[in-house]
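Q: Below is the file query_37.txt, which contains compact mmCIF, C-alpha atoms.
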```txt
# COMPACT_ATOMS: atom_id res chain seq x y z
CA MET A 1 -0.70 43.66 130.07
CA PRO A 2 -2.18 44.78 133.40
CA ARG A 3 0.36 45.83 135.99
CA GLN A 4 0.03 45.52 139.71
CA GLN A 5 0.94 48.44 141.87
CA LEU A 6 3.12 48.08 144.90
CA PRO A 7 1.77 49.31 148.23
CA GLY A 8 2.67 52.93 148.71
CA ALA A 9 3.05 53.60 144.98
CA SER A 10 0.37 55.97 143.81
CA GLY A 11 -1.48 55.47 140.54
CA GLY A 12 0.27 58.21 138.62
CA SER A 13 3.71 56.67 138.59
CA GLU A 14 2.93 52.99 138.15
CA SER A 15 -0.09 52.95 135.92
CA ALA A 16 -2.22 49.94 135.12
CA ASP A 17 -2.06 50.18 131.33
CA ARG A 18 -4.92 52.61 130.99
CA GLY A 19 -5.34 54.11 127.56
CA ASP A 20 -7.92 56.70 128.52
CA ARG A 21 -5.47 59.48 129.23
CA VAL A 22 -2.55 60.65 127.12
CA PRO A 23 -0.14 63.14 128.68
CA THR A 24 1.33 66.09 126.87
CA VAL A 25 4.16 65.03 124.61
CA THR A 26 5.96 68.00 123.16
CA ALA A 27 9.21 68.69 121.41
CA SER A 28 10.47 72.15 122.06
CA PRO A 29 13.71 73.43 120.48
CA ARG A 30 16.82 73.98 122.52
CA CYS A 31 17.99 77.56 122.90
CA GLY A 32 20.22 78.67 120.07
CA ARG A 33 19.59 75.69 117.82
CA THR A 34 17.71 75.87 114.53
CA ARG A 35 14.98 73.24 114.25
CA GLY A 36 13.43 71.84 111.11
CA GLN A 37 11.25 68.84 110.51
CA ALA A 38 12.60 65.28 110.60
CA LEU A 39 11.53 61.70 110.96
CA LEU A 40 10.93 60.52 114.49
CA LEU A 41 11.24 56.88 115.51
CA ALA A 42 8.39 54.13 115.64
CA ALA A 43 4.80 53.84 116.99
CA MET A 44 2.56 56.29 118.81
CA LEU A 45 3.66 57.13 122.35
CA VAL A 46 0.72 56.16 124.46
CA VAL A 47 1.68 57.60 127.79
CA ALA A 48 -1.24 57.09 130.13
CA THR A 49 -0.45 58.64 133.48
CA ALA A 50 -2.01 60.95 135.97
CA CYS A 51 1.35 62.69 136.32
CA ALA A 52 1.22 64.58 133.03
CA GLY A 53 -0.95 66.83 130.89
CA VAL A 54 -3.32 65.69 128.14
CA SER A 55 -2.80 65.93 124.38
CA ASN A 56 -1.88 63.82 121.40
CA GLY A 57 1.77 62.80 121.27
CA GLU A 58 4.16 61.71 118.56
CA SER A 59 6.06 58.47 118.90
CA ALA A 60 9.70 57.88 119.54
CA GLY A 61 9.78 55.56 116.60
CA ASN A 62 7.57 56.03 113.54
CA ASN A 63 7.63 57.99 110.31
CA SER A 64 5.59 60.85 111.69
CA ARG A 65 6.95 64.36 111.49
CA GLY A 66 8.48 65.97 114.50
CA PRO A 67 11.12 68.48 115.60
CA ALA A 68 14.64 68.01 114.36
CA ARG A 69 18.13 69.35 114.63
CA ARG A 70 19.98 71.29 111.99
CA ALA A 71 22.17 69.48 109.50
CA GLY A 72 25.13 71.78 110.17
CA ALA A 73 28.37 71.94 108.26
CA ARG A 74 28.12 68.34 107.11
CA ALA A 75 25.84 69.16 104.21
CA GLU A 76 28.84 69.97 102.04
CA LEU A 77 29.91 66.32 102.22
CA MET A 78 26.83 65.30 100.26
CA SER A 79 28.33 66.87 97.15
CA THR A 80 31.14 65.32 95.07
CA GLN A 81 34.42 65.14 96.96
CA PRO A 82 37.89 65.02 95.45
CA VAL A 83 39.47 61.61 96.12
CA VAL A 84 42.95 61.57 97.62
CA TYR A 85 44.76 58.22 97.82
CA VAL A 86 47.19 57.40 100.60
CA PRO A 87 50.52 56.95 98.80
CA ASN A 88 52.01 53.48 98.50
CA SER A 89 55.20 54.86 100.00
CA ILE A 90 53.42 54.61 103.36
CA ASP A 91 53.76 50.97 104.37
CA HIS A 92 50.41 49.14 104.18
CA THR A 93 51.77 45.69 105.02
CA GLY A 94 51.91 46.25 108.78
CA THR A 95 55.67 45.79 108.93
CA THR A 96 56.70 49.25 110.12
CA ASP A 97 55.19 51.90 112.36
CA VAL A 98 53.60 54.48 110.06
CA THR A 99 52.24 56.87 112.70
CA ASN A 100 54.43 59.80 111.65
CA ALA A 101 54.05 59.19 107.94
CA LEU A 102 50.27 59.00 108.10
CA GLN A 103 50.10 62.05 110.37
CA SER A 104 52.14 64.11 107.92
CA PHE A 105 49.88 63.00 105.09
CA ILE A 106 46.64 63.79 106.98
CA ASP A 107 47.90 67.23 107.97
CA GLN A 108 48.44 68.14 104.31
CA VAL A 109 45.12 66.88 102.92
CA ASN A 110 42.74 69.68 101.93
CA ASN A 111 39.40 69.97 103.64
CA GLY A 112 36.53 68.37 101.74
CA SER A 113 38.65 65.48 100.48
CA ASP A 114 37.74 61.80 100.42
CA VAL A 115 40.82 59.98 101.72
CA ARG A 116 41.20 56.39 100.46
CA PHE A 117 43.54 53.85 102.02
CA HIS A 118 45.04 50.80 100.34
CA PRO A 119 42.31 48.14 99.96
CA ASN A 120 42.62 45.57 102.78
CA GLY A 121 45.81 47.29 103.90
CA ASN A 122 47.42 46.90 107.31
CA TYR A 123 48.69 50.10 108.92
CA ARG A 124 50.74 49.71 112.07
CA VAL A 125 50.13 52.74 114.30
CA GLU A 126 52.01 52.70 117.61
CA GLY A 127 51.02 56.30 118.38
CA THR A 128 47.96 58.45 117.74
CA LEU A 129 46.57 59.82 114.47
CA PHE A 130 45.26 63.34 115.08
CA VAL A 131 42.53 64.91 112.94
CA THR A 132 42.28 68.52 114.10
CA ASP A 133 39.91 71.17 112.74
CA LYS A 134 39.29 69.19 109.55
CA THR A 135 36.39 68.32 107.24
CA LEU A 136 37.34 64.96 105.70
CA THR A 137 36.05 61.52 104.77
CA PHE A 138 38.27 58.55 105.57
CA ASP A 139 37.38 55.45 103.56
CA GLY A 140 39.50 52.59 104.83
CA GLU A 141 38.68 50.29 101.91
CA ASN A 142 38.60 47.54 104.60
CA ALA A 143 42.03 48.46 105.91
CA THR A 144 43.10 47.69 109.50
CA PHE A 145 44.88 50.16 111.80
CA PHE A 146 46.57 48.38 114.69
CA ALA A 147 49.00 48.74 117.55
CA THR A 148 51.32 46.09 118.94
CA THR A 149 52.95 47.90 121.88
CA ARG A 150 51.51 48.69 125.30
CA GLY A 151 51.64 52.44 124.82
CA THR A 152 50.76 55.18 127.31
CA LEU A 153 47.54 56.28 129.02
CA GLU A 154 46.44 58.82 126.39
CA ARG A 155 47.19 56.82 123.25
CA SER A 156 43.91 56.65 121.34
CA LEU A 157 44.40 55.41 117.80
CA TRP A 158 42.22 58.12 116.17
CA TRP A 159 41.87 61.45 118.02
CA ILE A 160 39.50 63.90 116.31
CA SER A 161 39.29 67.43 117.72
CA GLY A 162 37.29 70.36 116.36
CA GLY A 163 36.16 70.67 112.79
CA GLY A 164 33.11 68.89 111.43
CA GLY A 165 31.63 67.03 108.55
CA ILE A 166 33.92 64.08 109.26
CA VAL A 167 33.26 60.51 108.13
CA PHE A 168 35.06 57.27 108.90
CA ARG A 169 33.92 54.18 107.01
CA ASN A 170 35.03 50.68 106.09
CA LEU A 171 37.95 50.26 108.45
CA THR A 172 39.07 48.30 111.51
CA VAL A 173 40.84 49.61 114.61
CA ARG A 174 42.64 47.00 116.71
CA GLY A 175 44.26 47.90 120.00
CA ALA A 176 47.01 46.13 121.89
CA ASN A 177 45.07 44.83 124.89
CA PRO A 178 45.82 41.10 125.11
CA TYR A 179 43.20 40.66 127.86
CA ALA A 180 40.37 42.63 126.22
CA GLY A 181 36.91 41.34 127.00
CA LEU A 182 35.25 40.19 130.20
CA ALA A 183 38.27 39.18 132.29
CA ASN A 184 39.22 41.16 135.38
CA ASN A 185 42.55 42.22 133.90
CA ALA A 186 40.92 43.57 130.73
CA TYR A 187 40.49 46.84 132.66
CA ASN A 188 43.78 48.59 133.36
CA PRO A 189 43.37 52.10 134.84
CA ALA A 190 46.88 53.03 133.68
CA LEU A 191 45.81 52.49 130.05
CA ALA A 192 42.05 53.10 130.20
CA LYS A 193 42.12 56.17 127.94
CA GLN A 194 43.39 54.23 124.95
CA HIS A 195 40.20 54.55 122.90
CA GLY A 196 39.55 53.45 119.35
CA PHE A 197 38.06 56.82 118.42
CA ARG A 198 38.38 59.86 120.68
CA ILE A 199 36.03 62.57 119.44
CA GLU A 200 36.12 66.04 120.99
CA GLY A 201 34.21 69.16 119.99
CA VAL A 202 33.31 67.93 116.50
CA ASP A 203 30.25 69.37 114.74
CA GLY A 204 29.08 66.39 112.70
CA ILE A 205 30.85 63.03 112.58
CA GLU A 206 29.82 59.66 111.20
CA LEU A 207 31.28 56.23 111.98
CA SER A 208 29.94 53.78 109.40
CA HIS A 209 30.83 50.12 109.00
CA VAL A 210 33.82 50.32 111.28
CA THR A 211 35.11 47.63 113.63
CA VAL A 212 36.90 48.38 116.89
CA THR A 213 38.43 45.62 118.99
CA ASP A 214 41.06 44.87 121.65
CA VAL A 215 41.40 48.41 122.97
CA TYR A 216 42.33 49.20 126.57
CA GLY A 217 39.76 51.99 126.75
CA ASP A 218 36.42 52.70 125.05
CA PHE A 219 35.54 51.82 121.51
CA VAL A 220 34.31 55.40 121.04
CA TYR A 221 34.68 58.33 123.44
CA VAL A 222 32.77 61.57 122.73
CA ALA A 223 33.53 64.76 124.65
CA ARG A 224 34.18 68.48 124.25
CA TYR A 225 37.10 70.49 122.87
CA ALA A 226 37.94 74.00 124.10
CA GLY A 227 34.64 74.00 125.96
CA ILE A 228 32.57 73.07 122.88
CA PRO A 229 30.64 69.77 122.97
CA SER A 230 30.46 67.34 120.09
CA THR A 231 27.25 67.60 118.07
CA ASP A 232 25.42 65.54 115.44
CA VAL A 233 27.23 62.26 116.01
CA TRP A 234 26.08 59.20 114.02
CA ILE A 235 27.52 55.78 114.87
CA HIS A 236 25.91 53.03 112.84
CA ASP A 237 26.22 49.59 111.26
CA SER A 238 29.47 48.90 113.07
CA THR A 239 30.98 46.15 115.23
CA PHE A 240 32.48 46.67 118.66
CA VAL A 241 34.00 43.57 120.28
CA LYS A 242 36.36 43.13 123.26
CA ASN A 243 37.69 46.12 125.16
CA GLY A 244 38.89 47.28 128.55
CA ARG A 245 36.41 49.96 129.58
CA GLN A 246 33.08 51.34 128.26
CA GLY A 247 31.61 50.55 124.88
CA ILE A 248 30.60 54.09 123.85
CA SER A 249 31.04 56.98 126.29
CA LEU A 250 29.20 60.27 125.85
CA VAL A 251 30.67 62.91 128.12
CA ALA A 252 29.75 66.20 126.41
CA ALA A 253 27.51 65.67 123.39
CA GLU A 254 24.33 67.02 121.84
CA GLY A 255 22.47 65.12 119.15
CA VAL A 256 23.74 61.53 118.93
CA ILE A 257 22.35 58.51 117.07
CA ILE A 258 23.78 55.07 117.88
CA GLU A 259 22.02 52.51 115.71
CA ARG A 260 22.28 49.05 114.17
CA ASN A 261 25.60 48.26 115.81
CA THR A 262 26.83 45.00 117.33
CA PHE A 263 28.39 45.03 120.81
CA SER A 264 29.90 42.13 122.73
CA GLN A 265 32.50 41.32 125.38
CA ILE A 266 32.33 44.75 126.98
CA ARG A 267 34.44 45.00 130.12
CA ARG A 268 32.32 47.69 131.79
CA GLY A 269 29.15 49.52 130.64
CA THR A 270 28.00 49.18 127.03
CA ILE A 271 26.72 52.78 126.71
CA ASP A 272 27.89 55.34 129.26
CA LEU A 273 26.20 58.75 129.45
CA GLU A 274 28.38 60.51 131.98
CA PRO A 275 29.25 64.22 131.99
CA ASN A 276 32.53 64.82 133.77
CA GLY A 277 31.47 68.11 135.32
CA PRO A 278 28.53 70.48 135.91
CA ASN A 279 29.38 72.49 132.78
CA GLN A 280 29.18 69.41 130.57
CA SER A 281 25.98 67.72 129.43
CA VAL A 282 24.57 64.97 127.24
CA SER A 283 21.30 65.53 125.39
CA ASP A 284 19.15 64.38 122.48
CA VAL A 285 20.51 60.84 122.23
CA TYR A 286 18.89 57.98 120.31
CA ILE A 287 20.10 54.41 120.96
CA LEU A 288 18.28 52.31 118.36
CA ASN A 289 18.11 48.75 117.09
CA ASN A 290 21.49 47.60 118.32
CA SER A 291 22.47 44.00 119.00
CA VAL A 292 24.06 43.73 122.43
CA GLY A 293 25.93 40.70 123.70
CA SER A 294 27.92 39.98 126.82
CA GLY A 295 29.10 42.76 129.12
CA ARG A 296 30.26 42.92 132.73
CA LEU A 297 28.24 45.94 133.82
CA LEU A 298 25.17 47.93 132.71
CA PHE A 299 23.69 48.21 129.24
CA VAL A 300 23.13 51.96 129.78
CA ALA A 301 24.82 53.74 132.69
CA SER A 302 24.09 57.39 133.41
CA HIS A 303 25.61 58.85 136.53
CA GLY A 304 28.14 61.66 136.19
CA LEU A 305 28.26 65.28 137.29
CA GLY A 306 26.01 67.06 134.79
CA PRO A 307 22.66 66.97 132.97
CA VAL A 308 21.63 63.98 130.83
CA ASN A 309 18.30 64.79 129.16
CA GLY A 310 16.31 63.66 126.14
CA ILE A 311 17.32 60.00 125.85
CA VAL A 312 15.52 57.45 123.65
CA ILE A 313 16.46 53.76 123.96
CA SER A 314 14.39 51.75 121.49
CA GLY A 315 14.38 48.47 119.58
CA ASN A 316 17.60 47.07 121.01
CA ARG A 317 18.07 43.29 121.24
CA LEU A 318 20.14 41.96 124.13
CA HIS A 319 21.48 38.39 124.14
CA GLY A 320 23.24 37.14 127.24
CA HIS A 321 22.88 40.60 128.76
CA ALA A 322 20.02 42.00 130.83
CA LEU A 323 18.25 45.25 129.93
CA THR A 324 20.01 47.10 132.71
CA LEU A 325 19.80 50.88 133.01
CA ASP A 326 20.71 53.19 135.88
CA ASP A 327 20.00 56.94 135.71
CA VAL A 328 21.22 58.90 138.74
CA PRO A 329 21.80 62.68 138.48
CA PRO A 330 24.01 64.68 140.84
CA THR A 331 22.52 65.26 144.27
CA GLY A 332 19.95 68.06 144.21
CA GLU A 333 19.45 67.99 140.43
CA HIS A 334 16.76 66.52 138.18
CA ARG A 335 17.01 65.03 134.71
CA SER A 336 14.22 64.77 132.16
CA ASN A 337 12.67 63.02 129.18
CA TRP A 338 13.78 59.40 129.06
CA ILE A 339 12.03 56.90 126.78
CA VAL A 340 12.78 53.16 126.97
CA GLU A 341 10.59 51.19 124.59
CA ASN A 342 10.40 47.94 122.62
CA ASN A 343 13.72 46.52 123.79
CA THR A 344 14.16 42.78 124.41
CA SER A 345 16.50 40.67 126.53
CA ASP A 346 16.70 36.88 126.70
CA THR A 347 18.54 36.89 130.03
CA VAL A 348 16.86 36.64 133.44
CA SER A 349 17.84 39.43 135.82
CA ASP A 350 18.17 38.45 139.48
CA THR A 351 18.67 42.08 140.48
CA ARG A 352 16.59 45.15 139.72
CA PRO A 353 17.41 45.96 136.07
CA ILE A 354 16.04 49.51 135.62
CA ARG A 355 16.26 52.50 137.94
CA PHE A 356 15.47 56.19 137.54
CA VAL A 357 16.33 58.68 140.27
CA ASP A 358 15.10 62.31 140.26
CA THR A 359 14.01 62.18 136.63
CA ASP A 360 10.96 63.95 135.19
CA GLY A 361 9.11 62.54 132.19
CA VAL A 362 9.83 58.81 131.97
CA LEU A 363 8.28 56.20 129.68
CA VAL A 364 9.13 52.48 129.94
CA SER A 365 6.92 50.66 127.46
CA GLY A 366 6.75 47.45 125.44
CA ASN A 367 9.99 45.96 126.75
CA THR A 368 10.69 42.28 127.38
CA GLN A 369 13.01 41.54 130.28
CA PRO A 370 12.62 38.39 132.43
CA VAL A 371 13.07 39.42 136.07
CA SER A 372 13.16 37.35 139.23
CA PRO A 373 9.91 37.92 141.17
CA LYS A 374 12.02 38.61 144.27
CA VAL A 375 13.15 41.99 142.93
CA PRO A 376 11.40 44.95 141.24
CA ALA A 377 11.69 45.28 137.48
CA VAL A 378 11.76 49.08 137.65
CA GLU A 379 12.64 51.31 140.57
CA LEU A 380 11.40 54.91 140.53
CA ASP A 381 12.99 57.17 143.13
CA TYR A 382 11.46 60.64 143.41
CA ASP A 383 10.56 60.82 139.72
CA CYS A 384 7.70 62.83 138.19
CA GLY A 385 5.45 62.09 135.22
CA THR A 386 6.34 58.42 134.91
CA GLN A 387 4.61 55.70 132.91
CA ILE A 388 5.49 52.00 133.04
CA THR A 389 3.19 50.17 130.66
CA GLY A 390 2.88 47.13 128.41
CA ASN A 391 6.12 45.47 129.48
CA THR A 392 6.83 41.76 129.96
CA PHE A 393 8.78 41.43 133.18
CA GLY A 394 7.87 37.90 134.19
CA GLY A 395 5.70 38.97 137.10
CA ALA A 396 8.16 41.40 138.65
CA LYS A 397 6.64 44.67 139.81
CA VAL A 398 7.50 48.35 139.93
CA LEU A 399 8.81 50.01 143.07
CA GLN A 400 8.07 53.70 143.52
CA GLN A 401 9.61 55.80 146.24
CA GLY A 402 8.68 59.41 146.83
CA PRO A 403 5.50 61.42 146.25
CA THR A 404 3.42 61.53 143.09
CA CYS A 405 4.10 64.62 140.99
CA LYS A 406 3.39 65.91 137.49
CA ALA A 407 5.76 66.41 134.57
CA VAL A 408 5.48 66.66 130.79
CA LEU A 409 7.32 64.14 128.63
CA THR A 410 9.06 65.91 125.75
CA ILE A 411 10.41 63.89 122.83
CA PRO A 412 13.99 64.95 122.10
CA PRO A 413 14.70 66.36 118.64
CA VAL A 414 16.23 63.95 116.15
CA PRO A 415 19.55 65.04 114.65
CA VAL A 416 19.27 65.85 110.95
CA ILE A 417 22.27 64.03 109.47
CA PRO A 418 23.10 63.99 105.76
CA GLY A 419 22.74 60.51 104.31
CA ARG A 420 20.48 59.23 107.06
CA SER A 421 16.92 58.48 106.03
```
Could you spell out this file's structure in structure tokens?
A:
Amino acid sequence: MPRQQLPGASGGSESADRGDRVPTVTASPRCGRTRGQALLLAAMLVVATACAGVSNGESAGNNSRGPARRAGARAELMSTQPVVYVPNSIDHTGTTDVTNALQSFIDQVNNGSDVRFHPNGNYRVEGTLFVTDKTLTFDGENATFFATTRGTLERSLWWISGGGGIVFRNLTVRGANPYAGLANNAYNPALAKQHGFRIEGVDGIELSHVTVTDVYGDFVYVARYAGIPSTDVWIHDSTFVKNGRQGISLVAAEGVIIERNTFSQIRRGTIDLEPNGPNQSVSDVYILNNSVGSGRLLFVASHGLGPVNGIVISGNRLHGHALTLDDVPPTGEHRSNWIVENNTSDTVSDTRPIRFVDTDGVLVSGNTQPVSPKVPAVELDYDCGTQITGNTFGGAKVLQQGPTCKAVLTIPPVPVIPGRS
């Protein structure tokens, strides 16, 4: 649909849906990473803007071929794994605390094993289960791992450090936060690091068909270990309901796919892309086709102290939550390559929902977000190579601040993850 341009906003950054020019859309490999070919995401990126070069581009969402990340150590998990059953001597009725017993068992399991828990078991874990430098699959067989005591600040239920080729599937994690959800007291800074899954420096991890609820911290927290970021992270087909902090936090991660999950009753931001320091970064992240319910703060928040580049947010459906996104790099730095397309929200936003600051290569296309006409739908502050096109914002406009400048939009490489088609 035609877009009106605000006074002072030049034609390059707030285009009027012109299809006569297509900027350069490339996908160059990151230094030191092996690239193959992989499926990209859905329709052709039509990025018509005077702020970029001209060539044919691939989409962030179809079955066309494009650059991809290596599969890494996880490939070995595609072969037959020996199955190791958790012994019945470890209480699976939830009566006693089995933290130490389960930890001793996990420490002794050989790499490459498929660990199976008691079907529909209940494992009371008042401490933390550490998975360190391992390559394992954990199949919960619909078991629940839960805490009943308040615990301490650093008590995540699962804490995975180092290693790779790790899978968690078919299990529930339930924290001990009696106020989890939207209430003010759901957030307790003294307990805010009690995450469901704390993932640090892992090269390849999959969370499949898991449920996390009632935690004081994040459902999933992804960071680095001994200076090494987590890579090739796949979180899919899972349910995340009621917590005390962020939904999923990415602090130091490269190559992440978050897709087909259900989120609701998030105390703070649903997805938080926030490096904790200048030597940490978040890159090549795909947030796809999730169902997002109520949350107190932003859908996607990206402040922090380091780079956040190569982000695709596509096909997400928000109910009772606006399509809110705020990307603000550290002062004096620029971020790059953000694509926000084909997302829908059924909730009117009375404040500006989307903002990019100092970001080069931005596409906001095909989104539906009702916005009060009193506020802009998108705010662009000193960004280069931007395109805002084909959105339904209910008459709200785009506010651009800063000069027009050129930049090339580069589609981030898609992680090549075994088992993902």
Q: Restricting the calculation to all atoms listed in the file, which member of A:Asp381, A:Glu254, A:Asp326, A:Asp97 is positioned closest to A:Gly201?
A: A:Glu254
Q: Report the distance between atom CA of A:Asn177 and atom CA of A:Glu274 in Å, rounded to one decimal place.
A: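 Rounded to one decimal, the two atoms are 24.0 Å apart.
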Q: So what do you get for atom CA of A:Asp346 versus atom CA of A:Gln369, distance-wise?
A: 6.9 Å
Q: Of the residues A:Val251, A:Val375, A:Ile266, A:Ile160, which is the one nearest to A:Ala180, using only C-alpha atoms?
A: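 Looking at the shortest contact to A:Ala180, the residue is A:Ile266.
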Q: Please provide the set of residues having any atom within 9 Å of A:Ala252, restricted to all atoms listed in the file, with same-chain residues fewer than 2 positions apart removed, written as a ChimeraX atom specification.
A: /A:200-201,222-224,228-231,250,254,273-276,279-283
Q: Please check which residues have atoms at most 8 Å from (36.7, 47.1, 113.7) in the file's coordinates, counting only C-alpha atoms, and write them as an NGL selection string.
A: :A and (144 or 171-174 or 210-213 or 238-241)
Q: To one decimal in Å, tell me the separation between atom CA of A:Asn337 and atom CA of A:Phe356.
A: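 Separating atom CA of A:Asn337 from atom CA of A:Phe356 is a distance of 11.2 Å.
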Q: Here is a test: counting all atoms listed in the file, which residue of A:Asn122, A:Gln387, A:Thr347, A:Asn110 is nearest to A:Phe146?
A: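 For A:Phe146, the nearest of the given residues is A:Asn122.
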Q: Which neighbours of A:Gln108 fall inside 12 Å, counting all atoms listed in the file, when residues of the same chain fewer than 2 positions from it are skipped, and could you give them as an NGL selection string?
A: :A and (84 or 86 or 101-106 or 110-111 or 113 or 115 or 131-132 or 134 or 136)
Q: Give me the residues within 6 Å of A:Gly164 as a ChimeraX atom specification, counting all atoms listed in the file and dropping any in the same chain fewer than 2 places off.
A: /A:135,166,202-204
Q: Let's have the selection written as an mmCIF file, keeping the file's coordinate frame, with C-alpha atoms.
A:
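The new file selection_14.cif reads:
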```
data_model
loop_
_atom_site.group_PDB
_atom_site.id
_atom_site.type_symbol
_atom_site.label_atom_id
_atom_site.label_comp_id
_atom_site.auth_asym_id
_atom_site.auth_seq_id
_atom_site.Cartn_x
_atom_site.Cartn_y
_atom_site.Cartn_z
ATOM 1 C CA THR A 135 36.390 68.320 107.240
ATOM 2 C CA ILE A 166 33.920 64.080 109.260
ATOM 3 C CA VAL A 202 33.310 67.930 116.500
ATOM 4 C CA ASP A 203 30.250 69.370 114.740
ATOM 5 C CA GLY A 204 29.080 66.390 112.700
#
```
Q: Please return, as a PyMOL selection string, all polymer residues that have at least one atom within 10 Å of the point (30.5, 45.7, 123.9); use all atoms listed in the file and the file's own coordinate frame.
A: chain A and resi 181-182+212-213+218-219+239-248+261-271+291-296+299
Q: Between A:Glu341, A:Asp139, A:Asp107, A:Asp114, which has the minimum distance to A:Pro82 (counting only C-alpha atoms)?
A: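 For A:Pro82, the nearest of the given residues is A:Asp114.
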Q: Within 8 Å of A:Phe393, counting all atoms listed in the file, which residues show up once you throw out same-chain ones fewer than 3 positions away? Write them as a ChimeraX atom specification, please.
A: /A:367-371,377,396-397
Q: Using the selection just defined, write its residues with C-alpha atoms as a PDB file, in the frame of the given file.
A:
```pdb
ATOM      1  CA  ASN A 367       9.990  45.960 126.750  1.00  0.00           C
ATOM      2  CA  THR A 368      10.690  42.280 127.380  1.00  0.00           C
ATOM      3  CA  GLN A 369      13.010  41.540 130.280  1.00  0.00           C
ATOM      4  CA  PRO A 370      12.620  38.390 132.430  1.00  0.00           C
ATOM      5  CA  VAL A 371      13.070  39.420 136.070  1.00  0.00           C
ATOM      6  CA  ALA A 377      11.690  45.280 137.480  1.00  0.00           C
ATOM      7  CA  ALA A 396       8.160  41.400 138.650  1.00  0.00           C
ATOM      8  CA  LYS A 397       6.640  44.670 139.810  1.00  0.00           C
TER       9      LYS A 397
END
```
Q: From the options A:Glu141, A:Gly255, A:Val348, A:Leu380, which residue's atoms come nearest to A:Gly395, counting all atoms listed in the file?
A: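 Between A:Glu141, A:Gly255, A:Val348, A:Leu380, the residue approaching A:Gly395 most closely is A:Val348.
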Q: What's around A:Gly315 at 10 Å? Count all atoms listed in the file, leave out sequence neighbours fewer than 5 positions away in its own chain, and write the answer as a PyMOL selection string.
A: chain A and resi 41-42+61+259-260+287-291+340-344+366-367
Q: Identify which of the residues A:Ser336, A:Gly320, A:Gly385, A:Asp232 lies closest to A:Ile417, counting all atoms listed in the file when measuring atom-to-atom distances.
A: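 Closest candidate: A:Asp232.
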